[in-house]
Amino acid sequence: MDQRWPVLVEELLRRGYVLTPGALDLLKDRKLSVDELIASIPKDEENKVFITEDEIHHLLLGERQKKKPRQKKRKKGIDMRIRLNPGDLITSCEGTVENFHNLFLDRLEKLRRILLKRNGLTDSRRISDVKKEGNFSTIGIVRDKRETSKGYVIEIEDETGSLTFFAPKGRDSSRVVLDEVIGVSGTIRGRRAYAERIYFPEIPRTNSKPKEKDLRIAFISDIHAGSKQFKEILFMDFVNWISEGSIDVLIMTGDLVDGIGVYPNQEDELRIKGIREQYEKIKELLSSVDCEIIAIPGNHDATRPMEPQPAFQEEIVEPLSDLGAVILGNPSWVEIHGAKILLYHGRGLDDLITVIPEATHEDPTQAVLEVLRKRHLAPIYGGKTPIAPESKDLLVIDEVPHVLHMGHVHVNSYVEYRGVKAFTSGTWQEQTSFQRAMGIKPVLGEVPILDLSDFRIRRIKIA
Ligand code: D5M
Ligand code: FE
Ligand code: ZN
C-alpha cells in the first residue's frame with residue numbers, strides 16, 4: 001500500500017467515514033482523492049458511515065465508462081461459416097444401453113477411419129479376426145488398463161470382441177486412457193499378446209495455413225459474471241482496449257456467467273443472484289464492443305450440462321442476442337476467412353489432467369496436446385465430464401483445425417503441434433474458495449490474439 005494511505009483513511013475518518021476491508025482492497029494502488037470518494041456515496045444516505053466495496057466499484061467503473069469507445073463500422077464484411085453447432089444435431093436421446101452403444105460405435109468408426117491411414121495399421125483386422133499366433137495389428141476402444149511392475153495390461157474392444165495385451169512402459173503406453181480409440185501392433189506368442197507399438201489417431205504432418213487476411217481474433221473464456229470474484233474492472237480495461245478497434249472478432253468459450261445452483265451454497269459467492277440478470281451484466285459489459293462476438297456455453301451457463309451442450313437457452317440469454325452475438329453450442333467449429341477454429345469449453349481436460357503424466361492444473365499443456373493426438377475433446381467416459389448418449393460422437397475431432405481454443409481450466413497454456421495452435425485462455429475470476437481448496441491458481445486477464453495477417457498468436461496482458 002502506498003504512502004498516501006494512512007492520510008486518506010484518516011481524512012475520511014475525520015469526515016465521519018470508514019472504508020470496509022473490501023473497499024480498501026479495491027482502492028489499492030488507485031489514485032483517488034477523498035472528495036471523489038465521498039462523492040461516490042449515494043446522496044440519499046446522509047447518515048452513512050461505511051464506504052463499501054460496491055460503491056468503490058461503481059466509482060472506478062464510472063471512471064472507465066467515461067472513455068467512450070471509438071465508433072467503428074460494425075462487422076466489416078467478415079466471412080464466417082459455422083461448420084458444427086451441436087444444437088442442430090442433438091437428439092432427444094433417452095440414455096438407454098443402446099444409445100451408449102451407438103455413441104461408442106460412432107466414436108470407433110470415425111477414429112478407425114483415421115487410424116487405418118497410419119503405416120503399420122493399414123492391414124489391421126477386426127479383433128475376432130486377429131490370428132492366434134504371430135504378428136498382429138488391430139484397432140479398438142480401451143476398456144481397461146492396469147499398471148504392473150514392467151508395464152501395462154491393456155484391454156481393447158471392437159464390435160467383434162476384445163483383446164488383452166501387454167505393453168512395456170513408455171511415453172505412449174503411459175498416455176493411453178480409458179475409452180479412447182487406439183491402434184496396436186505386436187506379436188502373439190502362446191496366446192499372450194505383446195504390443196510393440198501403440199498408435200493414437202494423431203494429427204498428420206501438414207503445413208496447412210489459412211490465407212492472409214488483415215483480421216484479428218481475441219479469445220477469452222470464463223468471465224463468470226455475477227460471481228463476487230469476477231474482476232469487473234480488469235474486464236472493463238480489456239473491453240476498452242478492444243473498443244479501440246484493434247480486434248475484429250471476440251470469441252468466448254463458456255462460463256460467461258457464474259450461473260446459479262452449479263455447486264452447493266453457490267448463493268454465498270454470488271454478487272448477482274439471478275441468471276437472467278447475470279446475462280444482462282454481460283450485455284452491459286460488452287455494450288461498447290463493436291466487433292463480431294461469438295459465444296459458446298460452459299458448465300456454468302444456462303443450458304444442459306451434458307456434452308455436447310446445445311447453445312444457451314434462448315429466453316435466458318436474450319441479452320446476448322441483443323448484443324448481436326453469434327450463439328453456438330459446445331463444442332462448435334467456425335471458419336473465419338478460411339481459418340478453421342474449434343471451440344470447446346474444456347471440461348474434458350479435468351479428466352485428462354488426472355491421468356496424463358506431466359499434465360497439471362497449473363500447466364495443462366500436456367493434456368491439451370493429448371486432446372489433439374487422441375482426436376477427441378473428452379475421451380474418458382464416466383469421470384468428471386458428463387457426456388450425453390447421443391448416437392453420434394460430436395466430441396471426436398474428425399477434421400484437423402488450425403486453432404483449438406478451450407477455457408475451463410482458468411489458466412493460460414499454449415502448444416503448437418504439427419501446425420495446430422492449441423491453447424487455453426485463463427479467466428476473469430479471482431480464486432474461489434473451492435479453487436483454493438483444490439490448489440488451483442487462476443491466471444487473469446491474459447488474452448491470446450490470433451492475427452490472420454501472419455497466422456501468429458500474440459498474448460496481451462491486461463494489467
Ligand atoms: O472450473 C474452474 C476450475 O476448477 C477448473 O480448473 C476446473 C476446476 N474444477 C471445477 N470443478 C471441479 C471438480 N469437480 N473437480 C476438480 N476440479 C474442478 P469452473 O468450471 O469454472 O467451475
Ligand atoms: Fe470456469
Ligand atoms: Zn468451466
# chains A, B, ... in the order shown; residues from 1 in each chain; ligands from 1

call {"tool": "residues_near_ligand", "arguments": {"ligand": "ligand 2", "cutoff": "6 Å", "atoms": "only C-alpha atoms and all ligand atoms", "output": "list of chain:residue names"}}
result
A:Asp222, A:Asp255, A:His408

call {"tool": "closest_atom_pairs", "arguments": {"of": "chain A", "to": "ligand 1", "cutoff": "7 Å", "atoms": "only C-alpha atoms and all ligand atoms", "output": "Markdown table"}}
result
| residue | atom | partner | partner_atom_place_in_ligand_line | distance |
| --- | --- | --- | --- | --- |
| A:Asp222 | CA | ligand 1 | 21 (O) | 6.4 |
| A:Asp255 | CA | ligand 1 | 21 (O) | 6.4 |
| A:Asn299 | CA | ligand 1 | 20 (O) | 5.6 |
| A:His300 | CA | ligand 1 | 20 (O) | 6.3 |
| A:Asp350 | CA | ligand 1 | 7 (C) | 6.1 |
| A:His361 | CA | ligand 1 | 6 (O) | 6.2 |
| A:Lys384 | CA | ligand 1 | 14 (N) | 6.5 |
| A:His408 | CA | ligand 1 | 5 (C) | 5.1 |
| A:Val409 | CA | ligand 1 | 6 (O) | 3.4 |
| A:His410 | CA | ligand 1 | 6 (O) | 5.4 |
| A:Gln435 | CA | ligand 1 | 4 (O) | 5.8 |
| A:Ile440 | CA | ligand 1 | 6 (O) | 6.4 |

call {"tool": "residues_around", "arguments": {"residues": "Gly324 in chain A", "least_positions_apart": "2", "cutoff": "8 Å", "atoms": "only C-alpha atoms", "output": "list of chain:residue names"}}
result
A:Glu292, A:Ile293, A:Leu320, A:Ser321, A:Asp322, A:Val326

call {"tool": "write_last_selection", "arguments": {"atoms": "all heavy atoms", "output": "PDB file, in the first residue's frame"}}
result
ATOM      1  N   GLU A 292     -17.428  -8.408 -34.092  1.00  0.00           N
ATOM      2  CA  GLU A 292     -18.258  -9.617 -34.117  1.00  0.00           C
ATOM      3  C   GLU A 292     -18.015 -10.384 -32.804  1.00  0.00           C
ATOM      4  O   GLU A 292     -16.883 -10.460 -32.328  1.00  0.00           O
ATOM      5  CB  GLU A 292     -17.802 -10.457 -35.306  1.00  0.00           C
ATOM      6  CG  GLU A 292     -18.650 -11.648 -35.612  1.00  0.00           C
ATOM      7  CD  GLU A 292     -19.925 -11.272 -36.368  1.00  0.00           C
ATOM      8  OE1 GLU A 292     -19.846 -10.731 -37.469  1.00  0.00           O
ATOM      9  OE2 GLU A 292     -20.986 -11.561 -35.803  1.00  0.00           O
ATOM     10  N   ILE A 293     -19.087 -10.928 -32.213  1.00  0.00           N
ATOM     11  CA  ILE A 293     -18.938 -11.691 -30.968  1.00  0.00           C
ATOM     12  C   ILE A 293     -19.464 -13.110 -31.184  1.00  0.00           C
ATOM     13  O   ILE A 293     -20.550 -13.291 -31.731  1.00  0.00           O
ATOM     14  CB  ILE A 293     -19.716 -11.026 -29.810  1.00  0.00           C
ATOM     15  CG1 ILE A 293     -19.198  -9.610 -29.540  1.00  0.00           C
ATOM     16  CG2 ILE A 293     -19.638 -11.881 -28.539  1.00  0.00           C
ATOM     17  CD1 ILE A 293     -20.042  -8.826 -28.538  1.00  0.00           C
ATOM     18  N   LEU A 320     -27.714 -11.623 -24.729  1.00  0.00           N
ATOM     19  CA  LEU A 320     -26.614 -11.943 -25.647  1.00  0.00           C
ATOM     20  C   LEU A 320     -27.044 -11.707 -27.087  1.00  0.00           C
ATOM     21  O   LEU A 320     -26.286 -11.184 -27.896  1.00  0.00           O
ATOM     22  CB  LEU A 320     -26.184 -13.407 -25.510  1.00  0.00           C
ATOM     23  CG  LEU A 320     -25.358 -13.830 -24.304  1.00  0.00           C
ATOM     24  CD1 LEU A 320     -25.041 -15.311 -24.399  1.00  0.00           C
ATOM     25  CD2 LEU A 320     -24.069 -13.027 -24.245  1.00  0.00           C
ATOM     26  N   SER A 321     -28.283 -12.106 -27.398  1.00  0.00           N
ATOM     27  CA  SER A 321     -28.794 -11.882 -28.753  1.00  0.00           C
ATOM     28  C   SER A 321     -28.901 -10.388 -29.024  1.00  0.00           C
ATOM     29  O   SER A 321     -28.623  -9.928 -30.126  1.00  0.00           O
ATOM     30  CB  SER A 321     -30.166 -12.514 -28.947  1.00  0.00           C
ATOM     31  OG  SER A 321     -30.216 -13.765 -28.319  1.00  0.00           O
ATOM     32  N   ASP A 322     -29.316  -9.630 -27.988  1.00  0.00           N
ATOM     33  CA  ASP A 322     -29.411  -8.175 -28.153  1.00  0.00           C
ATOM     34  C   ASP A 322     -28.068  -7.584 -28.593  1.00  0.00           C
ATOM     35  O   ASP A 322     -28.016  -6.597 -29.302  1.00  0.00           O
ATOM     36  CB  ASP A 322     -29.817  -7.488 -26.838  1.00  0.00           C
ATOM     37  CG  ASP A 322     -31.246  -7.835 -26.440  1.00  0.00           C
ATOM     38  OD1 ASP A 322     -31.976  -8.403 -27.277  1.00  0.00           O
ATOM     39  OD2 ASP A 322     -31.622  -7.539 -25.281  1.00  0.00           O
ATOM     40  N   VAL A 326     -23.137 -14.205 -32.019  1.00  0.00           N
ATOM     41  CA  VAL A 326     -23.424 -15.482 -32.653  1.00  0.00           C
ATOM     42  C   VAL A 326     -23.366 -16.520 -31.534  1.00  0.00           C
ATOM     43  O   VAL A 326     -22.329 -16.718 -30.902  1.00  0.00           O
ATOM     44  CB  VAL A 326     -22.365 -15.809 -33.734  1.00  0.00           C
ATOM     45  CG1 VAL A 326     -22.612 -17.181 -34.335  1.00  0.00           C
ATOM     46  CG2 VAL A 326     -22.368 -14.729 -34.804  1.00  0.00           C
TER      47      VAL A 326
END

call {"tool": "atom_distance", "arguments": {"atom1": "CA of Gly134 in chain A", "atom2": "CA of Asn119 in chain A"}}
result
18.6 Å

call {"tool": "closest_residue", "arguments": {"among": "A:Asp214, A:Asp144, A:Glu157, A:Glu94", "to": "Ser391 in chain A", "atoms": "only C-alpha atoms"}}
result
A:Glu94

call {"tool": "closest_residue", "arguments": {"among": "A:Val153, A:Ile127, A:Ala339, A:Leu394", "to": "Asp454 in chain A", "atoms": "only C-alpha atoms"}}
result
A:Ala339

call {"tool": "residues_around", "arguments": {"residues": "Arg126 in chain A", "least_positions_apart": "2", "cutoff": "12 Å", "atoms": "only C-alpha atoms", "output": "PDB file with all heavy atoms, in the first residue's frame"}}
result
ATOM      1  N   LEU A 108     -15.765 -45.207 -32.465  1.00  0.00           N
ATOM      2  CA  LEU A 108     -14.838 -46.212 -33.004  1.00  0.00           C
ATOM      3  C   LEU A 108     -14.719 -46.084 -34.519  1.00  0.00           C
ATOM      4  O   LEU A 108     -13.616 -46.074 -35.066  1.00  0.00           O
ATOM      5  CB  LEU A 108     -15.322 -47.613 -32.603  1.00  0.00           C
ATOM      6  CG  LEU A 108     -14.513 -48.796 -33.145  1.00  0.00           C
ATOM      7  CD1 LEU A 108     -13.070 -48.752 -32.644  1.00  0.00           C
ATOM      8  CD2 LEU A 108     -15.155 -50.132 -32.735  1.00  0.00           C
ATOM      9  N   GLU A 109     -15.860 -45.940 -35.183  1.00  0.00           N
ATOM     10  CA  GLU A 109     -15.829 -45.885 -36.650  1.00  0.00           C
ATOM     11  C   GLU A 109     -15.096 -44.650 -37.161  1.00  0.00           C
ATOM     12  O   GLU A 109     -14.274 -44.737 -38.060  1.00  0.00           O
ATOM     13  CB  GLU A 109     -17.258 -45.906 -37.216  1.00  0.00           C
ATOM     14  CG  GLU A 109     -17.742 -47.331 -37.378  1.00  0.00           C
ATOM     15  CD  GLU A 109     -19.240 -47.430 -37.644  1.00  0.00           C
ATOM     16  OE1 GLU A 109     -19.870 -46.384 -37.924  1.00  0.00           O
ATOM     17  OE2 GLU A 109     -19.763 -48.550 -37.558  1.00  0.00           O
ATOM     18  N   ARG A 112     -11.352 -45.009 -36.272  1.00  0.00           N
ATOM     19  CA  ARG A 112     -10.727 -46.120 -37.011  1.00  0.00           C
ATOM     20  C   ARG A 112     -10.371 -45.658 -38.420  1.00  0.00           C
ATOM     21  O   ARG A 112      -9.307 -45.979 -38.939  1.00  0.00           O
ATOM     22  CB  ARG A 112     -11.669 -47.323 -37.048  1.00  0.00           C
ATOM     23  CG  ARG A 112     -11.049 -48.485 -37.828  1.00  0.00           C
ATOM     24  CD  ARG A 112     -11.678 -49.828 -37.502  1.00  0.00           C
ATOM     25  NE  ARG A 112     -13.106 -49.775 -37.591  1.00  0.00           N
ATOM     26  CZ  ARG A 112     -13.939 -50.590 -36.915  1.00  0.00           C
ATOM     27  NH1 ARG A 112     -13.448 -51.495 -36.081  1.00  0.00           N
ATOM     28  NH2 ARG A 112     -15.216 -50.501 -37.054  1.00  0.00           N
ATOM     29  N   LEU A 116      -6.628 -46.090 -39.702  1.00  0.00           N
ATOM     30  CA  LEU A 116      -6.324 -47.024 -40.801  1.00  0.00           C
ATOM     31  C   LEU A 116      -5.351 -46.435 -41.821  1.00  0.00           C
ATOM     32  O   LEU A 116      -4.761 -47.163 -42.600  1.00  0.00           O
ATOM     33  CB  LEU A 116      -7.616 -47.459 -41.512  1.00  0.00           C
ATOM     34  CG  LEU A 116      -8.384 -48.589 -40.805  1.00  0.00           C
ATOM     35  CD1 LEU A 116      -9.741 -48.809 -41.445  1.00  0.00           C
ATOM     36  CD2 LEU A 116      -7.568 -49.888 -40.803  1.00  0.00           C
ATOM     37  N   LEU A 121      -0.812 -49.857 -39.599  1.00  0.00           N
ATOM     38  CA  LEU A 121      -2.185 -50.248 -39.270  1.00  0.00           C
ATOM     39  C   LEU A 121      -3.018 -50.508 -40.525  1.00  0.00           C
ATOM     40  O   LEU A 121      -4.173 -50.908 -40.430  1.00  0.00           O
ATOM     41  CB  LEU A 121      -2.875 -49.171 -38.433  1.00  0.00           C
ATOM     42  CG  LEU A 121      -2.400 -48.999 -36.990  1.00  0.00           C
ATOM     43  CD1 LEU A 121      -3.206 -47.885 -36.316  1.00  0.00           C
ATOM     44  CD2 LEU A 121      -2.543 -50.280 -36.184  1.00  0.00           C
ATOM     45  N   THR A 122      -2.402 -50.283 -41.693  1.00  0.00           N
ATOM     46  CA  THR A 122      -3.191 -50.402 -42.927  1.00  0.00           C
ATOM     47  C   THR A 122      -3.754 -51.817 -43.105  1.00  0.00           C
ATOM     48  O   THR A 122      -4.798 -51.991 -43.712  1.00  0.00           O
ATOM     49  CB  THR A 122      -2.363 -49.990 -44.166  1.00  0.00           C
ATOM     50  OG1 THR A 122      -1.086 -50.581 -44.042  1.00  0.00           O
ATOM     51  CG2 THR A 122      -2.235 -48.485 -44.277  1.00  0.00           C
ATOM     52  N   ASP A 123      -3.041 -52.824 -42.555  1.00  0.00           N
ATOM     53  CA  ASP A 123      -3.537 -54.211 -42.688  1.00  0.00           C
ATOM     54  C   ASP A 123      -4.266 -54.671 -41.443  1.00  0.00           C
ATOM     55  O   ASP A 123      -4.461 -55.875 -41.242  1.00  0.00           O
ATOM     56  CB  ASP A 123      -2.357 -55.177 -42.904  1.00  0.00           C
ATOM     57  CG  ASP A 123      -1.597 -54.832 -44.167  1.00  0.00           C
ATOM     58  OD1 ASP A 123      -2.241 -54.316 -45.101  1.00  0.00           O
ATOM     59  OD2 ASP A 123      -0.367 -55.063 -44.199  1.00  0.00           O
ATOM     60  N   SER A 124      -4.625 -53.774 -40.567  1.00  0.00           N
ATOM     61  CA  SER A 124      -5.169 -54.239 -39.291  1.00  0.00           C
ATOM     62  C   SER A 124      -6.524 -54.920 -39.485  1.00  0.00           C
ATOM     63  O   SER A 124      -7.273 -54.602 -40.410  1.00  0.00           O
ATOM     64  CB  SER A 124      -5.247 -53.101 -38.286  1.00  0.00           C
ATOM     65  OG  SER A 124      -6.231 -52.200 -38.682  1.00  0.00           O
ATOM     66  N   SER A 128     -11.783 -60.068 -33.660  1.00  0.00           N
ATOM     67  CA  SER A 128     -12.081 -61.509 -33.734  1.00  0.00           C
ATOM     68  C   SER A 128     -11.289 -62.199 -34.858  1.00  0.00           C
ATOM     69  O   SER A 128     -11.133 -63.418 -34.859  1.00  0.00           O
ATOM     70  CB  SER A 128     -13.580 -61.734 -33.945  1.00  0.00           C
ATOM     71  OG  SER A 128     -13.963 -61.172 -35.182  1.00  0.00           O
ATOM     72  N   ASP A 129     -10.775 -61.409 -35.806  1.00  0.00           N
ATOM     73  CA  ASP A 129     -10.007 -61.991 -36.915  1.00  0.00           C
ATOM     74  C   ASP A 129      -8.501 -62.010 -36.669  1.00  0.00           C
ATOM     75  O   ASP A 129      -7.735 -62.423 -37.539  1.00  0.00           O
ATOM     76  CB  ASP A 129     -10.271 -61.204 -38.213  1.00  0.00           C
ATOM     77  CG  ASP A 129     -11.697 -61.389 -38.698  1.00  0.00           C
ATOM     78  OD1 ASP A 129     -12.311 -62.410 -38.310  1.00  0.00           O
ATOM     79  OD2 ASP A 129     -12.200 -60.498 -39.419  1.00  0.00           O
ATOM     80  N   VAL A 130      -8.078 -61.501 -35.513  1.00  0.00           N
ATOM     81  CA  VAL A 130      -6.639 -61.497 -35.213  1.00  0.00           C
ATOM     82  C   VAL A 130      -6.189 -62.945 -35.052  1.00  0.00           C
ATOM     83  O   VAL A 130      -6.828 -63.729 -34.331  1.00  0.00           O
ATOM     84  CB  VAL A 130      -6.364 -60.674 -33.924  1.00  0.00           C
ATOM     85  CG1 VAL A 130      -4.951 -60.913 -33.398  1.00  0.00           C
ATOM     86  CG2 VAL A 130      -6.589 -59.190 -34.191  1.00  0.00           C
ATOM     87  N   LYS A 131      -5.080 -63.307 -35.741  1.00  0.00           N
ATOM     88  CA  LYS A 131      -4.596 -64.701 -35.689  1.00  0.00           C
ATOM     89  C   LYS A 131      -4.080 -65.024 -34.298  1.00  0.00           C
ATOM     90  O   LYS A 131      -3.592 -64.165 -33.581  1.00  0.00           O
ATOM     91  CB  LYS A 131      -3.483 -64.895 -36.723  1.00  0.00           C
ATOM     92  CG  LYS A 131      -3.992 -64.828 -38.146  1.00  0.00           C
ATOM     93  CD  LYS A 131      -3.081 -65.686 -39.041  1.00  0.00           C
ATOM     94  CE  LYS A 131      -3.401 -65.432 -40.494  1.00  0.00           C
ATOM     95  NZ  LYS A 131      -2.548 -64.369 -41.066  1.00  0.00           N
ATOM     96  N   PHE A 136       0.439 -59.159 -35.331  1.00  0.00           N
ATOM     97  CA  PHE A 136      -0.940 -58.681 -35.454  1.00  0.00           C
ATOM     98  C   PHE A 136      -0.972 -57.160 -35.429  1.00  0.00           C
ATOM     99  O   PHE A 136      -0.039 -56.503 -34.950  1.00  0.00           O
ATOM    100  CB  PHE A 136      -1.810 -59.232 -34.307  1.00  0.00           C
ATOM    101  CG  PHE A 136      -1.588 -58.522 -32.998  1.00  0.00           C
ATOM    102  CD1 PHE A 136      -2.432 -57.496 -32.577  1.00  0.00           C
ATOM    103  CD2 PHE A 136      -0.513 -58.846 -32.185  1.00  0.00           C
ATOM    104  CE1 PHE A 136      -2.220 -56.824 -31.375  1.00  0.00           C
ATOM    105  CE2 PHE A 136      -0.294 -58.183 -30.983  1.00  0.00           C
ATOM    106  CZ  PHE A 136      -1.150 -57.176 -30.576  1.00  0.00           C
ATOM    107  N   SER A 137      -2.038 -56.622 -35.978  1.00  0.00           N
ATOM    108  CA  SER A 137      -2.357 -55.202 -35.755  1.00  0.00           C
ATOM    109  C   SER A 137      -3.868 -55.049 -35.758  1.00  0.00           C
ATOM    110  O   SER A 137      -4.556 -55.684 -36.557  1.00  0.00           O
ATOM    111  CB  SER A 137      -1.699 -54.308 -36.813  1.00  0.00           C
ATOM    112  OG  SER A 137      -2.221 -54.571 -38.084  1.00  0.00           O
ATOM    113  N   THR A 138      -4.354 -54.240 -34.841  1.00  0.00           N
ATOM    114  CA  THR A 138      -5.803 -54.052 -34.723  1.00  0.00           C
ATOM    115  C   THR A 138      -6.123 -52.707 -34.067  1.00  0.00           C
ATOM    116  O   THR A 138      -5.222 -51.990 -33.615  1.00  0.00           O
ATOM    117  CB  THR A 138      -6.450 -55.237 -33.959  1.00  0.00           C
ATOM    118  OG1 THR A 138      -7.869 -55.130 -34.043  1.00  0.00           O
ATOM    119  CG2 THR A 138      -6.044 -55.248 -32.491  1.00  0.00           C
ATOM    120  N   ILE A 139      -7.413 -52.400 -34.026  1.00  0.00           N
ATOM    121  CA  ILE A 139      -7.873 -51.099 -33.516  1.00  0.00           C
ATOM    122  C   ILE A 139      -9.057 -51.328 -32.573  1.00  0.00           C
ATOM    123  O   ILE A 139      -9.928 -52.157 -32.873  1.00  0.00           O
ATOM    124  CB  ILE A 139      -8.329 -50.204 -34.697  1.00  0.00           C
ATOM    125  CG1 ILE A 139      -7.114 -49.827 -35.572  1.00  0.00           C
ATOM    126  CG2 ILE A 139      -9.048 -48.944 -34.212  1.00  0.00           C
ATOM    127  CD1 ILE A 139      -7.469 -49.266 -36.938  1.00  0.00           C
ATOM    128  N   GLY A 140      -9.100 -50.624 -31.455  1.00  0.00           N
ATOM    129  CA  GLY A 140     -10.243 -50.804 -30.553  1.00  0.00           C
ATOM    130  C   GLY A 140     -10.351 -49.684 -29.529  1.00  0.00           C
ATOM    131  O   GLY A 140      -9.507 -48.781 -29.456  1.00  0.00           O
ATOM    132  N   ILE A 141     -11.427 -49.771 -28.748  1.00  0.00           N
ATOM    133  CA  ILE A 141     -11.652 -48.802 -27.668  1.00  0.00           C
ATOM    134  C   ILE A 141     -11.030 -49.372 -26.392  1.00  0.00           C
ATOM    135  O   ILE A 141     -11.201 -50.563 -26.095  1.00  0.00           O
ATOM    136  CB  ILE A 141     -13.165 -48.606 -27.431  1.00  0.00           C
ATOM    137  CG1 ILE A 141     -13.810 -47.963 -28.666  1.00  0.00           C
ATOM    138  CG2 ILE A 141     -13.436 -47.764 -26.196  1.00  0.00           C
ATOM    139  CD1 ILE A 141     -15.256 -47.554 -28.476  1.00  0.00           C
ATOM    140  N   ILE A 156      -8.567 -53.910 -25.121  1.00  0.00           N
ATOM    141  CA  ILE A 156      -9.333 -53.113 -26.093  1.00  0.00           C
ATOM    142  C   ILE A 156     -10.482 -53.949 -26.640  1.00  0.00           C
ATOM    143  O   ILE A 156     -10.469 -55.183 -26.542  1.00  0.00           O
ATOM    144  CB  ILE A 156      -8.453 -52.583 -27.256  1.00  0.00           C
ATOM    145  CG1 ILE A 156      -7.787 -53.735 -28.009  1.00  0.00           C
ATOM    146  CG2 ILE A 156      -7.436 -51.578 -26.758  1.00  0.00           C
ATOM    147  CD1 ILE A 156      -7.105 -53.300 -29.309  1.00  0.00           C
ATOM    148  N   GLU A 157     -11.438 -53.230 -27.218  1.00  0.00           N
ATOM    149  CA  GLU A 157     -12.658 -53.896 -27.666  1.00  0.00           C
ATOM    150  C   GLU A 157     -13.145 -53.255 -28.967  1.00  0.00           C
ATOM    151  O   GLU A 157     -13.007 -52.055 -29.145  1.00  0.00           O
ATOM    152  CB  GLU A 157     -13.695 -53.665 -26.568  1.00  0.00           C
ATOM    153  CG  GLU A 157     -15.021 -54.333 -26.718  1.00  0.00           C
ATOM    154  CD  GLU A 157     -15.903 -54.009 -25.499  1.00  0.00           C
ATOM    155  OE1 GLU A 157     -16.296 -52.835 -25.377  1.00  0.00           O
ATOM    156  OE2 GLU A 157     -16.174 -54.897 -24.705  1.00  0.00           O
ATOM    157  N   ASP A 158     -13.711 -54.076 -29.864  1.00  0.00           N
ATOM    158  CA  ASP A 158     -14.431 -53.513 -31.021  1.00  0.00           C
ATOM    159  C   ASP A 158     -15.771 -54.231 -31.147  1.00  0.00           C
ATOM    160  O   ASP A 158     -16.184 -54.934 -30.210  1.00  0.00           O
ATOM    161  CB  ASP A 158     -13.580 -53.555 -32.305  1.00  0.00           C
ATOM    162  CG  ASP A 158     -13.392 -54.961 -32.852  1.00  0.00           C
ATOM    163  OD1 ASP A 158     -13.970 -55.914 -32.276  1.00  0.00           O
ATOM    164  OD2 ASP A 158     -12.679 -55.110 -33.861  1.00  0.00           O
ATOM    165  N   GLU A 159     -16.452 -54.097 -32.303  1.00  0.00           N
ATOM    166  CA  GLU A 159     -17.786 -54.716 -32.463  1.00  0.00           C
ATOM    167  C   GLU A 159     -17.718 -56.235 -32.375  1.00  0.00           C
ATOM    168  O   GLU A 159     -18.733 -56.881 -32.133  1.00  0.00           O
ATOM    169  CB  GLU A 159     -18.416 -54.400 -33.823  1.00  0.00           C
ATOM    170  CG  GLU A 159     -18.341 -53.010 -34.342  1.00  0.00           C
ATOM    171  CD  GLU A 159     -17.043 -52.714 -35.079  1.00  0.00           C
ATOM    172  OE1 GLU A 159     -15.957 -53.131 -34.608  1.00  0.00           O
ATOM    173  OE2 GLU A 159     -17.122 -52.039 -36.121  1.00  0.00           O
ATOM    174  N   THR A 160     -16.510 -56.805 -32.603  1.00  0.00           N
ATOM    175  CA  THR A 160     -16.431 -58.271 -32.741  1.00  0.00           C
ATOM    176  C   THR A 160     -15.882 -58.980 -31.510  1.00  0.00           C
ATOM    177  O   THR A 160     -16.022 -60.192 -31.381  1.00  0.00           O
ATOM    178  CB  THR A 160     -15.517 -58.637 -33.931  1.00  0.00           C
ATOM    179  OG1 THR A 160     -14.168 -58.269 -33.603  1.00  0.00           O
ATOM    180  CG2 THR A 160     -15.951 -57.924 -35.206  1.00  0.00           C
ATOM    181  N   GLY A 161     -15.210 -58.263 -30.621  1.00  0.00           N
ATOM    182  CA  GLY A 161     -14.635 -58.951 -29.469  1.00  0.00           C
ATOM    183  C   GLY A 161     -13.652 -58.089 -28.720  1.00  0.00           C
ATOM    184  O   GLY A 161     -13.600 -56.873 -28.933  1.00  0.00           O
ATOM    185  N   SER A 162     -12.873 -58.712 -27.830  1.00  0.00           N
ATOM    186  CA  SER A 162     -11.898 -57.936 -27.061  1.00  0.00           C
ATOM    187  C   SER A 162     -10.543 -58.634 -27.066  1.00  0.00           C
ATOM    188  O   SER A 162     -10.450 -59.843 -27.303  1.00  0.00           O
ATOM    189  CB  SER A 162     -12.406 -57.738 -25.640  1.00  0.00           C
ATOM    190  OG  SER A 162     -12.400 -58.962 -24.954  1.00  0.00           O
ATOM    191  N   LEU A 163      -9.515 -57.838 -26.823  1.00  0.00           N
ATOM    192  CA  LEU A 163      -8.145 -58.357 -26.829  1.00  0.00           C
ATOM    193  C   LEU A 163      -7.392 -57.726 -25.665  1.00  0.00           C
ATOM    194  O   LEU A 163      -7.456 -56.507 -25.467  1.00  0.00           O
ATOM    195  CB  LEU A 163      -7.461 -57.968 -28.154  1.00  0.00           C
ATOM    196  CG  LEU A 163      -5.966 -58.281 -28.240  1.00  0.00           C
ATOM    197  CD1 LEU A 163      -5.751 -59.767 -28.544  1.00  0.00           C
ATOM    198  CD2 LEU A 163      -5.292 -57.434 -29.313  1.00  0.00           C
ATOM    199  N   GLY A 183      -4.747 -47.810 -31.857  1.00  0.00           N
ATOM    200  CA  GLY A 183      -4.325 -48.946 -32.659  1.00  0.00           C
ATOM    201  C   GLY A 183      -3.179 -49.619 -31.926  1.00  0.00           C
ATOM    202  O   GLY A 183      -2.503 -48.985 -31.104  1.00  0.00           O
ATOM    203  N   VAL A 184      -2.971 -50.888 -32.197  1.00  0.00           N
ATOM    204  CA  VAL A 184      -1.846 -51.592 -31.575  1.00  0.00           C
ATOM    205  C   VAL A 184      -1.296 -52.608 -32.570  1.00  0.00           C
ATOM    206  O   VAL A 184      -2.052 -53.244 -33.303  1.00  0.00           O
ATOM    207  CB  VAL A 184      -2.260 -52.255 -30.230  1.00  0.00           C
ATOM    208  CG1 VAL A 184      -3.444 -53.194 -30.409  1.00  0.00           C
ATOM    209  CG2 VAL A 184      -1.093 -52.999 -29.591  1.00  0.00           C
TER     210      VAL A 184
END

call {"tool": "closest_residue", "arguments": {"among": "A:Gln266, A:Thr20, A:Gln429, A:Ser33", "to": "ligand 3", "atoms": "only C-alpha atoms and all ligand atoms"}}
result
A:Gln429
